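Asker: Data: upload-v9.pdb, PDB, C-alpha atoms.
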ATOM      1  CA  MET A   1      11.270  69.308  97.422
ATOM      2  CA  ASN A   2      11.149  66.297  99.691
ATOM      3  CA  SER A   3      13.929  65.369 102.105
ATOM      4  CA  SER A   4      15.043  62.370 100.062
ATOM      5  CA  HIS A   5      15.616  64.509  96.993
ATOM      6  CA  SER A   6      17.497  67.132  99.057
ATOM      7  CA  LYS A   7      19.881  64.492 100.405
ATOM      8  CA  LYS A   8      20.662  63.308  96.889
ATOM      9  CA  VAL A   9      21.411  66.873  95.775
ATOM     10  CA  ILE A  10      23.739  67.469  98.758
ATOM     11  CA  ILE A  11      25.611  64.214  98.168
ATOM     12  CA  GLY A  12      26.013  65.054  94.482
ATOM     13  CA  LEU A  13      27.358  68.522  95.262
ATOM     14  CA  SER A  14      29.807  67.108  97.829
ATOM     15  CA  ILE A  15      31.206  64.624  95.329
ATOM     16  CA  ALA A  16      31.628  67.393  92.760
ATOM     17  CA  VAL A  17      33.494  69.650  95.236
ATOM     18  CA  LEU A  18      35.770  66.759  96.286
ATOM     19  CA  PHE A  19      36.586  66.001  92.668
ATOM     20  CA  LEU A  20      37.468  69.655  92.006
ATOM     21  CA  LEU A  21      39.775  69.740  95.057
ATOM     22  CA  ILE A  22      41.610  66.610  93.939
ATOM     23  CA  SER A  23      42.022  67.987  90.420
ATOM     24  CA  ASN A  24      43.383  71.305  91.728
ATOM     25  CA  ILE A  25      45.925  69.567  93.967
ATOM     26  CA  ALA A  26      47.194  67.451  91.082
ATOM     27  CA  THR A  27      47.458  70.532  88.865
ATOM     28  CA  LEU A  28      49.403  72.457  91.503
ATOM     29  CA  ARG A  29      51.890  69.552  91.945
ATOM     30  CA  LYS A  30      52.504  69.429  88.192
ATOM     31  CA  LEU A  31      52.991  73.193  88.120
ATOM     32  CA  ASP A  32      55.524  73.002  90.980
ATOM     33  CA  MET A  33      57.574  70.337  89.202
ATOM     34  CA  THR A  34      57.619  72.296  85.928
ATOM     35  CA  THR A  35      58.633  75.563  87.614
ATOM     36  CA  ARG A  36      61.472  74.099  89.718
ATOM     37  CA  SER A  37      64.885  75.061  88.297
ATOM     38  CA  PRO A  38      67.209  72.380  86.892
ATOM     39  CA  GLU A  39      69.709  73.395  89.588
ATOM     40  CA  THR A  40      67.190  72.571  92.321
ATOM     41  CA  VAL A  41      66.512  69.155  90.840
ATOM     42  CA  LEU A  42      70.253  68.531  90.452
ATOM     43  CA  GLU A  43      70.870  69.511  94.075
ATOM     44  CA  ALA A  44      68.306  66.969  95.208
ATOM     45  CA  VAL A  45      69.907  64.224  93.140
ATOM     46  CA  THR A  46      73.406  65.229  94.310
ATOM     47  CA  ASP A  47      72.295  65.110  97.946
ATOM     48  CA  GLU A  48      71.123  61.563  97.435
ATOM     49  CA  VAL A  49      74.372  60.517  95.752
ATOM     50  CA  GLU A  50      76.482  62.130  98.490
ATOM     51  CA  THR A  51      74.488  60.316 101.129
ATOM     52  CA  ILE A  52      75.152  56.990  99.424
ATOM     53  CA  GLU A  53      78.863  57.773  99.026
ATOM     54  CA  ASP A  54      79.188  58.781 102.675
ATOM     55  CA  GLU A  55      77.897  55.382 103.695
ATOM     56  CA  THR A  56      80.489  53.548 101.581
ATOM     57  CA  PRO A  57      83.167  52.079 103.886
ATOM     58  CA  SER A  58      86.730  53.428 103.389
ATOM     59  CA  THR A  59      89.558  51.134 102.278
ATOM     60  CA  SER A  60      91.522  49.843 105.270
ATOM     61  CA  ILE A  61      95.248  50.598 105.547
ATOM     62  CA  VAL A  62      97.428  47.545 104.932
ATOM     63  CA  GLY A  63     100.476  49.149 106.552
ATOM     64  CA  LYS A  64     102.382  52.428 106.866
ATOM     65  CA  ILE A  65     105.664  53.029 105.037
ATOM     66  CA  VAL A  66     108.199  55.740 105.835
ATOM     67  CA  LEU A  67     110.687  56.577 103.077
ATOM     68  CA  VAL A  68     113.820  58.399 104.241
ATOM     69  CA  ILE A  69     116.122  59.462 101.420
ATOM     70  CA  ASP A  70     119.701  60.221 102.500
ATOM     71  CA  ASP A  71     122.495  62.275 100.956
ATOM     72  CA  PHE A  72     120.620  65.281  99.659
ATOM     73  CA  GLY A  73     123.089  68.152  99.549
ATOM     74  CA  TYR A  74     125.606  66.366  97.337
ATOM     75  CA  ARG A  75     123.431  67.080  94.341
ATOM     76  CA  ASN A  76     120.699  69.481  93.259
ATOM     77  CA  ASP A  77     119.505  68.239  89.896
ATOM     78  CA  ALA A  78     116.723  66.346  88.111
ATOM     79  CA  VAL A  79     117.350  63.253  90.232
ATOM     80  CA  SER A  80     117.052  65.042  93.556
ATOM     81  CA  ASP A  81     114.061  67.014  92.280
ATOM     82  CA  GLY A  82     112.435  63.751  91.213
ATOM     83  CA  PHE A  83     112.128  62.580  94.805
ATOM     84  CA  LEU A  84     110.150  65.726  95.621
ATOM     85  CA  THR A  85     107.478  64.871  93.047
ATOM     86  CA  LEU A  86     106.668  61.280  94.022
ATOM     87  CA  ASN A  87     103.265  62.433  95.366
ATOM     88  CA  VAL A  88     103.787  60.770  98.748
ATOM     89  CA  PRO A  89     105.497  62.010 101.934
ATOM     90  CA  ILE A  90     109.288  61.778 101.681
ATOM     91  CA  THR A  91     111.645  62.542 104.574
ATOM     92  CA  CYS A  92     114.666  64.265 103.028
ATOM     93  CA  ALA A  93     117.901  63.738 104.980
ATOM     94  CA  ILE A  94     120.299  66.540 104.007
ATOM     95  CA  ILE A  95     124.041  66.452 104.659
ATOM     96  CA  PRO A  96     125.209  69.842 105.962
ATOM     97  CA  GLY A  97     128.163  71.808 104.652
ATOM     98  CA  HIS A  98     127.629  71.557 100.908
ATOM     99  CA  ARG A  99     126.700  74.323  98.501
ATOM    100  CA  GLN A 100     123.380  72.670  97.702
ATOM    101  CA  SER A 101     122.447  71.748 101.283
ATOM    102  CA  SER A 102     120.615  74.893 102.356
ATOM    103  CA  GLU A 103     119.150  75.469  98.901
ATOM    104  CA  PHE A 104     117.716  71.968  98.696
ATOM    105  CA  ALA A 105     116.243  72.201 102.205
ATOM    106  CA  LYS A 106     114.211  75.218 101.141
ATOM    107  CA  LYS A 107     113.168  73.480  97.930
ATOM    108  CA  ALA A 108     112.024  70.374  99.799
ATOM    109  CA  ILE A 109     109.914  72.411 102.222
ATOM    110  CA  ALA A 110     108.361  74.335  99.319
ATOM    111  CA  ALA A 111     107.417  70.974  97.774
ATOM    112  CA  GLY A 112     105.652  69.945 100.985
ATOM    113  CA  GLN A 113     108.246  67.390 102.041
ATOM    114  CA  GLU A 114     109.963  66.895 105.415
ATOM    115  CA  VAL A 115     113.584  67.844 106.109
ATOM    116  CA  ILE A 116     115.980  66.301 108.613
ATOM    117  CA  ILE A 117     119.742  66.648 109.077
ATOM    118  CA  HIS A 118     121.854  63.728 107.862
ATOM    119  CA  MET A 119     124.507  64.258 110.537
ATOM    120  CA  PRO A 120     128.039  63.088 109.704
ATOM    121  CA  MET A 121     129.343  60.785 112.440
ATOM    122  CA  GLU A 122     132.542  58.837 112.916
ATOM    123  CA  SER A 123     132.755  55.430 111.232
ATOM    124  CA  THR A 124     134.848  52.421 112.143
ATOM    125  CA  LEU A 125     136.369  52.903 108.683
ATOM    126  CA  ASN A 126     138.559  55.878 107.860
ATOM    127  CA  THR A 127     136.062  57.592 105.579
ATOM    128  CA  PRO A 128     136.811  61.137 104.343
ATOM    129  CA  GLY A 129     134.320  63.967 103.972
ATOM    130  CA  GLU A 130     132.512  66.527 106.153
ATOM    131  CA  ASP A 131     135.411  66.532 108.612
ATOM    132  CA  GLU A 132     134.453  69.957 109.950
ATOM    133  CA  TYR A 133     130.969  68.623 110.820
ATOM    134  CA  LYS A 134     131.634  65.031 111.818
ATOM    135  CA  LEU A 135     130.923  63.965 115.403
ATOM    136  CA  ARG A 136     133.759  61.865 116.820
ATOM    137  CA  SER A 137     134.041  59.719 119.904
ATOM    138  CA  GLY A 138     137.180  61.562 121.063
ATOM    139  CA  MET A 139     135.505  64.976 121.154
ATOM    140  CA  THR A 140     134.531  66.821 124.297
ATOM    141  CA  SER A 141     130.848  67.338 125.040
ATOM    142  CA  GLU A 142     131.310  71.045 124.269
ATOM    143  CA  GLU A 143     132.736  70.312 120.807
ATOM    144  CA  ILE A 144     129.862  67.956 119.963
ATOM    145  CA  GLU A 145     127.269  70.415 121.209
ATOM    146  CA  TRP A 146     128.848  73.273 119.244
ATOM    147  CA  ARG A 147     128.841  71.297 115.993
ATOM    148  CA  MET A 148     125.246  70.224 116.556
ATOM    149  CA  ASN A 149     124.136  73.809 117.120
ATOM    150  CA  GLU A 150     125.961  75.060 114.025
ATOM    151  CA  VAL A 151     124.245  72.461 111.857
ATOM    152  CA  LEU A 152     120.826  73.304 113.282
ATOM    153  CA  LYS A 153     121.459  76.953 112.377
ATOM    154  CA  GLU A 154     122.552  76.019 108.855
ATOM    155  CA  ILE A 155     119.399  73.972 108.159
ATOM    156  CA  PRO A 156     116.673  75.543 110.336
ATOM    157  CA  GLU A 157     113.993  73.707 108.328
ATOM    158  CA  ALA A 158     115.029  70.399 109.895
ATOM    159  CA  VAL A 159     112.586  68.747 112.313
ATOM    160  CA  GLY A 160     114.890  65.868 113.161
ATOM    161  CA  MET A 161     118.184  64.103 112.511
ATOM    162  CA  ASN A 162     119.600  60.764 111.454
ATOM    163  CA  ASN A 163     123.197  59.608 111.301
ATOM    164  CA  HIS A 164     125.381  59.623 108.198
ATOM    165  CA  GLN A 165     127.768  56.666 108.615
ATOM    166  CA  GLY A 166     128.426  56.676 112.381
ATOM    167  CA  SER A 167     129.196  53.004 112.954
ATOM    168  CA  LYS A 168     131.622  54.124 115.687
ATOM    169  CA  ALA A 169     129.968  57.275 117.061
ATOM    170  CA  THR A 170     126.533  55.706 117.470
ATOM    171  CA  THR A 171     127.996  53.014 119.732
ATOM    172  CA  ASN A 172     129.423  55.656 122.071
ATOM    173  CA  GLY A 173     127.115  56.521 124.953
ATOM    174  CA  LYS A 174     128.695  59.914 125.622
ATOM    175  CA  VAL A 175     128.434  61.055 122.018
ATOM    176  CA  MET A 176     124.818  59.963 121.687
ATOM    177  CA  GLY A 177     123.990  61.450 125.081
ATOM    178  CA  VAL A 178     125.144  64.900 123.962
ATOM    179  CA  VAL A 179     123.356  64.493 120.607
ATOM    180  CA  GLY A 180     120.163  63.585 122.439
ATOM    181  CA  SER A 181     120.441  66.480 124.885
ATOM    182  CA  VAL A 182     120.798  69.018 122.062
ATOM    183  CA  LEU A 183     117.923  67.489 120.088
ATOM    184  CA  LYS A 184     115.679  67.522 123.139
ATOM    185  CA  LYS A 185     116.475  71.174 123.814
ATOM    186  CA  HIS A 186     115.526  72.066 120.241
ATOM    187  CA  GLU A 187     112.514  69.692 120.166
ATOM    188  CA  LYS A 188     113.853  67.549 117.313
ATOM    189  CA  TYR A 189     113.597  63.797 116.828
ATOM    190  CA  PHE A 190     116.310  61.221 116.120
ATOM    191  CA  LEU A 191     116.101  58.375 113.626
ATOM    192  CA  ASP A 192     118.724  55.691 114.208
ATOM    193  CA  SER A 193     120.008  54.586 110.793
ATOM    194  CA  ARG A 194     121.522  51.533 112.492
ATOM    195  CA  THR A 195     124.851  51.496 110.648
ATOM    196  CA  ALA A 196     126.124  49.355 113.554
ATOM    197  CA  SER A 197     124.277  46.447 115.131
ATOM    198  CA  ASN A 198     125.447  47.537 118.599
ATOM    199  CA  THR A 199     124.272  51.135 118.245
ATOM    200  CA  VAL A 200     123.042  52.839 121.413
ATOM    201  CA  GLY A 201     121.378  55.682 119.512
ATOM    202  CA  GLU A 202     117.750  54.641 119.832
ATOM    203  CA  ALA A 203     118.121  53.421 123.434
ATOM    204  CA  THR A 204     119.842  56.664 124.510
ATOM    205  CA  MET A 205     117.127  58.796 122.946
ATOM    206  CA  ARG A 206     114.436  56.856 124.766
ATOM    207  CA  GLN A 207     116.235  57.379 128.064
ATOM    208  CA  LEU A 208     116.413  61.117 127.416
ATOM    209  CA  GLY A 209     112.823  61.423 126.216
ATOM    210  CA  VAL A 210     113.737  62.302 122.622
ATOM    211  CA  PRO A 211     111.194  61.035 120.034
ATOM    212  CA  THR A 212     112.933  58.253 118.141
ATOM    213  CA  ALA A 213     112.645  55.227 115.851
ATOM    214  CA  ARG A 214     114.921  52.869 113.945
ATOM    215  CA  ARG A 215     115.567  52.036 110.317
ATOM    216  CA  HIS A 216     114.207  48.627 109.297
ATOM    217  CA  VAL A 217     115.551  48.229 105.746
ATOM    218  CA  PHE A 218     118.275  49.818 103.603
ATOM    219  CA  LEU A 219     116.816  49.971 100.120
ATOM    220  CA  ASP A 220     119.856  50.477  97.929
ATOM    221  CA  ASN A 221     123.114  49.313  99.464
ATOM    222  CA  ASP A 222     123.237  47.315  96.236
ATOM    223  CA  PRO A 223     122.345  49.881  93.515
ATOM    224  CA  GLU A 224     120.979  47.369  90.977
ATOM    225  CA  VAL A 225     117.278  47.837  90.167
ATOM    226  CA  GLU A 226     116.452  44.190  90.898
ATOM    227  CA  LYS A 227     118.124  44.396  94.309
ATOM    228  CA  ILE A 228     116.350  47.645  95.178
ATOM    229  CA  ASN A 229     113.024  46.051  94.257
ATOM    230  CA  ALA A 230     113.845  43.064  96.441
ATOM    231  CA  GLN A 231     114.674  45.317  99.389
ATOM    232  CA  LEU A 232     111.469  47.264  98.832
ATOM    233  CA  ASN A 233     109.570  43.967  98.957
ATOM    234  CA  THR A 234     111.204  43.293 102.330
ATOM    235  CA  LEU A 235     110.104  46.736 103.544
ATOM    236  CA  VAL A 236     106.546  46.006 102.415
ATOM    237  CA  SER A 237     106.577  42.717 104.314
ATOM    238  CA  VAL A 238     107.719  44.501 107.484
ATOM    239  CA  ALA A 239     104.938  47.069 107.071
ATOM    240  CA  LYS A 240     102.358  44.290 106.764
ATOM    241  CA  LYS A 241     103.691  42.490 109.813
ATOM    242  CA  ARG A 242     104.456  45.409 112.142
ATOM    243  CA  GLY A 243     102.032  48.014 110.805
ATOM    244  CA  ILE A 244     104.901  50.473 110.248
ATOM    245  CA  ALA A 245     108.176  50.095 108.329
ATOM    246  CA  ILE A 246     110.993  52.611 107.868
ATOM    247  CA  GLY A 247     113.190  52.306 104.804
ATOM    248  CA  ILE A 248     116.298  54.343 104.014
ATOM    249  CA  GLY A 249     117.405  54.931 100.446
ATOM    250  CA  HIS A 250     119.728  57.402  98.783
ATOM    251  CA  ALA A 251     119.339  60.167  96.240
ATOM    252  CA  LYS A 252     120.353  57.988  93.295
ATOM    253  CA  PRO A 253     118.810  57.458  89.827
ATOM    254  CA  ASN A 254     117.926  53.761  90.202
ATOM    255  CA  THR A 255     116.328  54.296  93.602
ATOM    256  CA  LEU A 256     114.194  57.065  92.120
ATOM    257  CA  GLU A 257     113.124  54.915  89.165
ATOM    258  CA  VAL A 258     112.082  51.994  91.374
ATOM    259  CA  LEU A 259     110.060  54.255  93.662
ATOM    260  CA  LYS A 260     108.385  55.938  90.683
ATOM    261  CA  GLN A 261     107.194  52.550  89.453
ATOM    262  CA  ARG A 262     106.281  50.962  92.768
ATOM    263  CA  ILE A 263     104.725  53.749  94.842
ATOM    264  CA  PRO A 264     101.476  54.021  92.802
ATOM    265  CA  MET A 265     101.090  50.225  93.005
ATOM    266  CA  LEU A 266     101.630  50.204  96.763
ATOM    267  CA  VAL A 267      99.137  53.020  97.266
ATOM    268  CA  ASN A 268      96.564  51.046  95.268
ATOM    269  CA  GLU A 269      97.269  48.022  97.459
ATOM    270  CA  GLY A 270      96.338  50.037 100.549
ATOM    271  CA  PHE A 271      99.721  51.158 101.894
ATOM    272  CA  GLN A 272      99.933  54.608 103.428
ATOM    273  CA  PHE A 273     103.118  56.681 103.254
ATOM    274  CA  GLU A 274     104.114  58.880 106.211
ATOM    275  CA  PHE A 275     106.819  61.295 107.295
ATOM    276  CA  ALA A 276     109.241  59.976 109.889
ATOM    277  CA  SER A 277     107.966  62.628 112.314
ATOM    278  CA  LYS A 278     104.579  60.856 112.315
ATOM    279  CA  VAL A 279     105.941  57.523 113.565
ATOM    280  CA  VAL A 280     108.694  58.428 116.048
ATOM    281  CA  GLU A 281     107.780  58.024 119.686
TER     282      GLU A 281
END
Rewrite the structure from the file as structure tokens, please.

Answerer:
Amino acid sequence: MNSSHSKKVIIGLSIAVLFLLISNIATLRKLDMTTRSPETVLEAVTDEVETIEDETPSTSIVGKIVLVIDDFGYRNDAVSDGFLTLNVPITCAIIPGHRQSSEFAKKAIAAGQEVIIHMPMESTLNTPGEDEYKLRSGMTSEEIEWRMNEVLKEIPEAVGMNNHQGSKATTNGKVMGVVGSVLKKHEKYFLDSRTASNTVGEATMRQLGVPTARRHVFLDNDPEVEKINAQLNTLVSVAKKRGIAIGIGHAKPNTLEVLKQRIPMLVNEGFQFEFASKVVE
């Protein structure tokens, strides 16, 4: 056999071997795909989807809204329970001294909501109710401190306090100074309901280093549904402008109905609801 013929034979054999290798590789790849479990294939697809979802930008927050609902303790019924199931953070302000006060505080905590004390304070009007709890401008510092401590024992779930009425007491520097000192000792915050335009509540708390904030809008001084909606619109405008807005409403049927209707819409619009404890400073 001459050298030319030998070279042709070698080249032919090489091509045949290469072809067989390629065929075997293709066969093995097909076999691997057919033997992989459906779960494995699904995992691969899921990984790809999760990667795409992770890269999707989150919706920006239009503004933060704090809803404080006053006057829990007067009632413990379907209306009060309704506020606990609004699926957003609600700060429940509970008036001490009523049969339902302690019971509702426990219920609110169990529902994942926040509890504060709705502390009775002296008004410029002669308003009855909670006389054994009310903080008055003529009291000694010891009397105010004692009443504060008793209330904190009655509702230990409370993380803060706001004033119930108080158009006179909140303008009194001595009264608010004692309130602030007790709250600071117990590491509680104070929310100034601003029932008087010349209140010194917020300013006193800041001087004492007590976390504090102020109410921006009363939602339901007028209990008509249309008026409550209008006040809620004002609260929304404040949230857009300032970034944070605090609204105070009351445990009443119409207030509950308006919030039931509007909260899902506001969430869809990009508003975020927070507890008062998250915005005091």

Asker: Assuming the chain letters and numbering stay as they are in my file, what does the PyMOL selection byres ((chain A and resi 253) around 12) actually select? List them as a list in words.

Answerer: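 Here the PyMOL selection byres ((chain A and resi 253) around 12) matches Arg75, Asp77, Ala78, Val79, Ser80, Asp81, Gly82, Phe83, Asp220, Pro223, Glu224, Val225, Ile228, Gly249, His250, Ala251, Lys252, Asn254, Thr255, Leu256, Glu257, Val258, Leu259 and Lys260 of chain A.
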
Asker: Could you tell me which of A:Arg215, A:Arg242, A:Lys107, A:Lys227 comes closest to Leu67 of chain A if we count all atoms listed in the file?

Answerer: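 For Leu67 of chain A, the nearest of the given residues is A:Arg215.
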
Asker: For the structure provided, state which residues fall under the PyMOL selection byres ((chain A and resi 108-111) around 9), and present them as a ChimeraX atom specification.

Answerer: /A:81,84-85,92,103-107,112-115,157

Asker: Report the centre and edge lengths, in Å to one decimal, of an axis-aligned box enclosing every atom of segment 232-251 of chain A listed in the file, padded by 6 Å on each side, as lines of an AutoDock Vina configuration file.

Answerer:
center_x = 110.9
center_y = 51.3
center_z = 104.2
size_x = 29.7
size_y = 29.7
size_z = 27.9

Asker: Identify all residues satisfying the PyMOL selection byres ((chain A and resi 95) around 9) in the given file; provide them as number ranges by chain.

Answerer: A: 70-74, 93-94, 96-98, 101, 116-120, 130, 164

Asker: How many Å separate atom CA of Ala276 of chain A from atom CA of Leu125 of chain A?

Answerer: 28.1 Å

Asker: Please report the interatomic distance between atom CA of Asn126 of chain A and atom CA of Gln165 of chain A in Å with one decimal.

Answerer: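 Value for the atom CA of Asn126 of chain A-atom CA of Gln165 of chain A distance: 10.8 Å.
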
Asker: Go ahead and compute the interatomic distance for atom CA of Phe273 of chain A and atom CA of Leu235 of chain A, in Å to one decimal.

Answerer: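 If I compute the distance from atom CA of Phe273 of chain A to atom CA of Leu235 of chain A, I get 12.2 Å.
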
Asker: Could you pull segment 198-226 of chain A out of the block above and give me C-alpha atoms, as an mmCIF file, in the first residue's frame?

Answerer:
data_model
loop_
_atom_site.group_PDB
_atom_site.id
_atom_site.type_symbol
_atom_site.label_atom_id
_atom_site.label_comp_id
_atom_site.auth_asym_id
_atom_site.auth_seq_id
_atom_site.Cartn_x
_atom_site.Cartn_y
_atom_site.Cartn_z
ATOM 1 C CA ASN A 198 -52.580 77.601 71.920
ATOM 2 C CA THR A 199 -51.698 74.144 73.234
ATOM 3 C CA VAL A 200 -48.214 73.724 74.699
ATOM 4 C CA GLY A 201 -48.387 69.926 74.610
ATOM 5 C CA GLU A 202 -46.152 69.244 71.628
ATOM 6 C CA ALA A 203 -43.646 71.988 72.519
ATOM 7 C CA THR A 204 -43.356 70.755 76.129
ATOM 8 C CA MET A 205 -42.739 67.186 75.014
ATOM 9 C CA ARG A 206 -39.971 68.299 72.689
ATOM 10 C CA GLN A 207 -38.309 70.205 75.517
ATOM 11 C CA LEU A 208 -38.433 67.114 77.721
ATOM 12 C CA GLY A 209 -37.258 64.722 75.015
ATOM 13 C CA VAL A 210 -40.553 62.820 74.784
ATOM 14 C CA PRO A 211 -41.311 61.477 71.265
ATOM 15 C CA THR A 212 -44.213 63.536 69.967
ATOM 16 C CA ALA A 213 -46.284 64.692 66.990
ATOM 17 C CA ARG A 214 -49.453 66.660 66.316
ATOM 18 C CA ARG A 215 -52.847 65.940 64.821
ATOM 19 C CA HIS A 216 -53.325 67.487 61.373
ATOM 20 C CA VAL A 217 -57.007 66.781 60.653
ATOM 21 C CA PHE A 218 -60.101 65.805 62.656
ATOM 22 C CA LEU A 219 -62.019 63.448 60.409
ATOM 23 C CA ASP A 220 -65.481 63.426 61.931
ATOM 24 C CA ASN A 221 -66.308 66.481 64.005
ATOM 25 C CA ASP A 222 -69.232 66.604 61.584
ATOM 26 C CA PRO A 223 -70.548 62.992 61.525
ATOM 27 C CA GLU A 224 -72.119 63.157 58.044
ATOM 28 C CA VAL A 225 -70.546 60.768 55.516
ATOM 29 C CA GLU A 226 -69.966 63.536 52.962
#
